[in-house]
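Visitor: Pasting in a structure now, in structure tokens, and then I'll have a few things to ask.
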Amino acid sequence: NMLFLVLPMTLDQSTDTNPVKMVTAAACITVTLVAWFFAIPGGPSRTSNAALARELAVLITGGGAGIGKTTALYLASRGWTVFVTVRKQTQFEAIESEGKVIPVMMDVTNDDHAGPAVERVRSVLKNRDLSLKAVVCNAGINPEGDVLAKAYMDGTQDKVEQVLADPAVSERVFSTNVIGVFRTIRAFLPLLRESESGGRILIIGSYFGSIAGALGLPHLAYEASKHALEGIADGMRRSFQVEQKQNQKNLIGVSLIKPGNIKTAMNPAAGETEPEVVAETIEDAIASAHPLPRYYPGTVQKFPTWLLCAVFAHAPTWLSDRLL
């Protein structure tokens with residue numbers, strides 16, 4: 001959810017004047033706009049969730065900085081008990097000394113960390129008579145984006161070599177952004193199942209999960225990892241729905257949060273929207289009795305994130321390819 005996206009949103013730049021294709025494109029965009037107009041959620045709920053928050057807790061991975069930290073502090077200010085995972089002892093001690101949220105030592109790429117992290121959360125929940133309402137899978141990295149952002153800020157983006165990332169870099173990206181989500185949910189799912197009000201799993205994706213290729217070959221590992229989260233979110237949501245119907249268990253809702261260009265240290269080149277808008281959206285998804293499958297906080301090049309994702313999801317391939 002970072003960097004710049006060059007997206008000419010007109011048909012004027014197409015040299016193809018085939019009337020069938022033009023009509024198809026116009027019809028597709030019209031249907032997309034109408035369908036998504038009615039599907040768009042309203043703004044984040046501004047009603048108080050104080051009563052709900054007093055009895056429930058939220059776990060956020062990657063809560064030491066950026067969207068994760070902003071969301072953790074926002075939810076804590078709204079009355080939620082918030083756990084945040086960190087990888088460094090210095091982060092753990094700093095967060096613990098502040099006393100606003102509860103740090104949990106956990107690297108989402110390390111199997112050995114999962115068990116102790118679950119036990120720490122379970123112990124605190126028991127001592128405070130709380131249950132775990134939601135897990136927010138936020139931890140993520142984008143080393144490819146770091147390189148592109150630096151080049152963009154230095155004015156040397158035209159000199160970036162159009163090659164795929166080194167396999168070692170791609171493995172790091174998928175280990176954190178994809179396998180880390182599996183590891184986190186697998187570890188904390190038993191605690192989520194204990195929530196009488198129905199647990200929530202929120203996965204922080206990106207508009208790059210809908211739009212691939214805008215930044216060329218050097219950014220494809222990150223974009224592929226966000227496409228993978230689309231399948232994970234859909235698969236889990238549908239699986240839990242079937243489980244709930246068959247076994248009458250409390251439904252665990254799954255939502256994919258697809259932010260636009262958010263102003264964080266991870267996105268120094270193209271941030272447009274403050275991270276608080278993501279935090280508000282996350283609380284809305286947690287507290288809602290009927291959370292949406294996807295949320296689209298923020299903008300990309302001043303376009304609403306939902307609109308860009310809708311166009312690329314529904315437009316014919318020949319058209320979406322031309323839009324980039």
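Note on naming: chains are A, B, ... as they come in the structure tokens, residues start from 1 per chain, ligands start from 1 in the order shown.
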Going by DSSP on the backbone, which bits of region 56-100 of chain A are alpha helix (DSSP H)? Write them as a PyMOL selection string, please.
Guide: chain A and resi 66-77+89-98
Visitor: Keeping C-alpha atoms for every residue in the selection just given, could you write it to a file as an mmCIF file, in the first residue's frame?
Guide:
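To be explicit, this is the file written out as again_26.cif:
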data_model
loop_
_atom_site.group_PDB
_atom_site.id
_atom_site.type_symbol
_atom_site.label_atom_id
_atom_site.label_comp_id
_atom_site.auth_asym_id
_atom_site.auth_seq_id
_atom_site.Cartn_x
_atom_site.Cartn_y
_atom_site.Cartn_z
ATOM 1 C CA GLY A 66 3.038 2.496 11.024
ATOM 2 C CA ILE A 67 -0.558 1.389 10.559
ATOM 3 C CA GLY A 68 -0.205 -1.232 13.289
ATOM 4 C CA LYS A 69 0.933 1.237 15.940
ATOM 5 C CA THR A 70 -1.626 3.864 14.962
ATOM 6 C CA THR A 71 -4.418 1.280 15.081
ATOM 7 C CA ALA A 72 -3.266 -0.097 18.422
ATOM 8 C CA LEU A 73 -3.219 3.321 20.084
ATOM 9 C CA TYR A 74 -6.529 4.295 18.491
ATOM 10 C CA LEU A 75 -8.301 1.142 19.691
ATOM 11 C CA ALA A 76 -6.786 1.509 23.161
ATOM 12 C CA SER A 77 -8.113 5.069 23.320
ATOM 13 C CA GLN A 89 13.285 -6.493 23.034
ATOM 14 C CA THR A 90 13.799 -2.727 22.961
ATOM 15 C CA GLN A 91 10.346 -2.305 21.368
ATOM 16 C CA PHE A 92 8.830 -4.638 23.937
ATOM 17 C CA GLU A 93 10.278 -2.672 26.848
ATOM 18 C CA ALA A 94 9.331 0.726 25.400
ATOM 19 C CA ILE A 95 5.716 -0.302 24.781
ATOM 20 C CA GLU A 96 5.438 -1.970 28.183
ATOM 21 C CA SER A 97 6.749 1.135 29.939
ATOM 22 C CA GLU A 98 4.162 3.327 28.171
#
Visitor: If you count only C-alpha atoms, which residues fall within 12 Å of Phe174 (chain A), apart from same-chain ones fewer than 5 positions away, as a list of chain:residue names?
Guide: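 Near neighbours after the sequence-gap exclusion: A:Val108, A:Thr109, A:Ala139, A:Gly140, A:Ile141, A:Asn142, A:Pro143, A:Pro167, A:Ala168, A:Val169, A:Ile179, A:Gly180, A:Val181, A:Phe182, A:Leu220, A:Ala221, A:Tyr222, A:Glu223, A:Ala224, A:Ser225, A:Lys226, A:His227, A:Ala228, A:Leu229.
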Visitor: Env of Thr305 (chain A): 9 Å cut, atoms = only C-alpha atoms, seq-sep filter 4 positions within chain, self excluded. Answer as a PyMOL selection string.
Guide: chain A and resi 207+258-261+296-300+309-310
Visitor: Could you save those same residues with N, CA and C atoms as a PDB file, in the first residue's frame?
Guide:
ATOM      1  N   TYR A 207      -4.132  -2.294  -2.262  1.00  0.00           N
ATOM      2  CA  TYR A 207      -4.724  -2.171  -3.597  1.00  0.00           C
ATOM      3  C   TYR A 207      -3.861  -2.880  -4.628  1.00  0.00           C
ATOM      4  N   LYS A 258      -7.956  -3.183   2.419  1.00  0.00           N
ATOM      5  CA  LYS A 258      -7.109  -2.840   1.278  1.00  0.00           C
ATOM      6  C   LYS A 258      -6.860  -1.321   1.262  1.00  0.00           C
ATOM      7  N   PRO A 259      -5.880  -0.868   2.034  1.00  0.00           N
ATOM      8  CA  PRO A 259      -5.632   0.576   2.098  1.00  0.00           C
ATOM      9  C   PRO A 259      -5.074   1.125   0.794  1.00  0.00           C
ATOM     10  N   GLY A 260      -5.268   2.429   0.627  1.00  0.00           N
ATOM     11  CA  GLY A 260      -4.627   3.120  -0.481  1.00  0.00           C
ATOM     12  C   GLY A 260      -3.226   3.539  -0.087  1.00  0.00           C
ATOM     13  N   ASN A 261      -2.794   4.687  -0.547  1.00  0.00           N
ATOM     14  CA  ASN A 261      -1.463   5.194  -0.202  1.00  0.00           C
ATOM     15  C   ASN A 261      -1.534   5.911   1.149  1.00  0.00           C
ATOM     16  N   TYR A 296     -11.907  -0.530   1.913  1.00  0.00           N
ATOM     17  CA  TYR A 296     -10.962   0.173   1.055  1.00  0.00           C
ATOM     18  C   TYR A 296     -10.649   1.581   1.575  1.00  0.00           C
ATOM     19  N   PRO A 297     -10.016   1.705   2.714  1.00  0.00           N
ATOM     20  CA  PRO A 297      -9.747   3.048   3.244  1.00  0.00           C
ATOM     21  C   PRO A 297      -8.682   3.790   2.427  1.00  0.00           C
ATOM     22  N   GLY A 298      -8.882   5.090   2.277  1.00  0.00           N
ATOM     23  CA  GLY A 298      -7.856   5.914   1.649  1.00  0.00           C
ATOM     24  C   GLY A 298      -8.030   6.094   0.155  1.00  0.00           C
ATOM     25  N   THR A 299      -7.011   6.686  -0.447  1.00  0.00           N
ATOM     26  CA  THR A 299      -7.019   7.019  -1.871  1.00  0.00           C
ATOM     27  C   THR A 299      -5.699   6.634  -2.520  1.00  0.00           C
ATOM     28  N   VAL A 300      -5.717   6.586  -3.854  1.00  0.00           N
ATOM     29  CA  VAL A 300      -4.512   6.362  -4.658  1.00  0.00           C
ATOM     30  C   VAL A 300      -4.532   7.390  -5.772  1.00  0.00           C
ATOM     31  N   CYS A 309      -9.809  -0.495  -7.448  1.00  0.00           N
ATOM     32  CA  CYS A 309      -9.881  -1.951  -7.317  1.00  0.00           C
ATOM     33  C   CYS A 309     -11.070  -2.516  -8.084  1.00  0.00           C
ATOM     34  N   ALA A 310     -12.183  -1.785  -8.090  1.00  0.00           N
ATOM     35  CA  ALA A 310     -13.370  -2.249  -8.813  1.00  0.00           C
ATOM     36  C   ALA A 310     -13.129  -2.278 -10.313  1.00  0.00           C
TER      37      ALA A 310
END
Visitor: Between A:Asn247, A:Asn138, A:Thr81, A:Asn177, which residue has the minimum interatomic distance to Leu125 (chain A), considering only C-alpha atoms?
Guide: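 With only C-alpha atoms as the atom set, the closest residue is A:Thr81.
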Visitor: I need the residues of region 115-209 of chain A that end up classed as strand (DSSP E or B) by DSSP on the backbone, written out as a PDB file with N, CA and C atoms, in the first residue's frame.
Guide:
ATOM      1  N   SER A 131     -12.014 -11.924  26.585  1.00  0.00           N
ATOM      2  CA  SER A 131     -11.882 -12.889  25.500  1.00  0.00           C
ATOM      3  C   SER A 131     -11.302 -12.171  24.291  1.00  0.00           C
ATOM      4  N   LEU A 132     -10.654 -12.944  23.423  1.00  0.00           N
ATOM      5  CA  LEU A 132     -10.028 -12.366  22.239  1.00  0.00           C
ATOM      6  C   LEU A 132     -11.069 -12.214  21.139  1.00  0.00           C
ATOM      7  N   LYS A 133     -11.341 -10.989  20.774  1.00  0.00           N
ATOM      8  CA  LYS A 133     -12.354 -10.704  19.758  1.00  0.00           C
ATOM      9  C   LYS A 133     -11.781 -10.746  18.347  1.00  0.00           C
ATOM     10  N   ALA A 134     -10.573 -10.224  18.166  1.00  0.00           N
ATOM     11  CA  ALA A 134     -10.056 -10.078  16.802  1.00  0.00           C
ATOM     12  C   ALA A 134      -8.553 -10.241  16.726  1.00  0.00           C
ATOM     13  N   VAL A 135      -8.110 -10.768  15.605  1.00  0.00           N
ATOM     14  CA  VAL A 135      -6.697 -10.801  15.251  1.00  0.00           C
ATOM     15  C   VAL A 135      -6.535  -9.984  13.974  1.00  0.00           C
ATOM     16  N   VAL A 136      -5.663  -8.991  14.026  1.00  0.00           N
ATOM     17  CA  VAL A 136      -5.396  -8.133  12.874  1.00  0.00           C
ATOM     18  C   VAL A 136      -4.017  -8.495  12.340  1.00  0.00           C
ATOM     19  N   CYS A 137      -3.979  -9.136  11.188  1.00  0.00           N
ATOM     20  CA  CYS A 137      -2.717  -9.550  10.570  1.00  0.00           C
ATOM     21  C   CYS A 137      -2.165  -8.382   9.765  1.00  0.00           C
ATOM     22  N   ARG A 200     -13.172 -12.258  14.959  1.00  0.00           N
ATOM     23  CA  ARG A 200     -12.917 -11.524  13.718  1.00  0.00           C
ATOM     24  C   ARG A 200     -11.453 -11.706  13.319  1.00  0.00           C
ATOM     25  N   ILE A 201     -11.238 -11.963  12.039  1.00  0.00           N
ATOM     26  CA  ILE A 201      -9.892 -11.984  11.468  1.00  0.00           C
ATOM     27  C   ILE A 201      -9.820 -10.885  10.432  1.00  0.00           C
ATOM     28  N   LEU A 202      -8.891  -9.978  10.614  1.00  0.00           N
ATOM     29  CA  LEU A 202      -8.695  -8.883   9.664  1.00  0.00           C
ATOM     30  C   LEU A 202      -7.298  -9.011   9.070  1.00  0.00           C
ATOM     31  N   ILE A 203      -7.225  -9.016   7.764  1.00  0.00           N
ATOM     32  CA  ILE A 203      -5.951  -9.140   7.068  1.00  0.00           C
ATOM     33  C   ILE A 203      -5.684  -7.832   6.326  1.00  0.00           C
ATOM     34  N   ILE A 204      -4.515  -7.260   6.573  1.00  0.00           N
ATOM     35  CA  ILE A 204      -4.172  -6.004   5.911  1.00  0.00           C
ATOM     36  C   ILE A 204      -3.548  -6.330   4.555  1.00  0.00           C
TER      37      ILE A 204
END
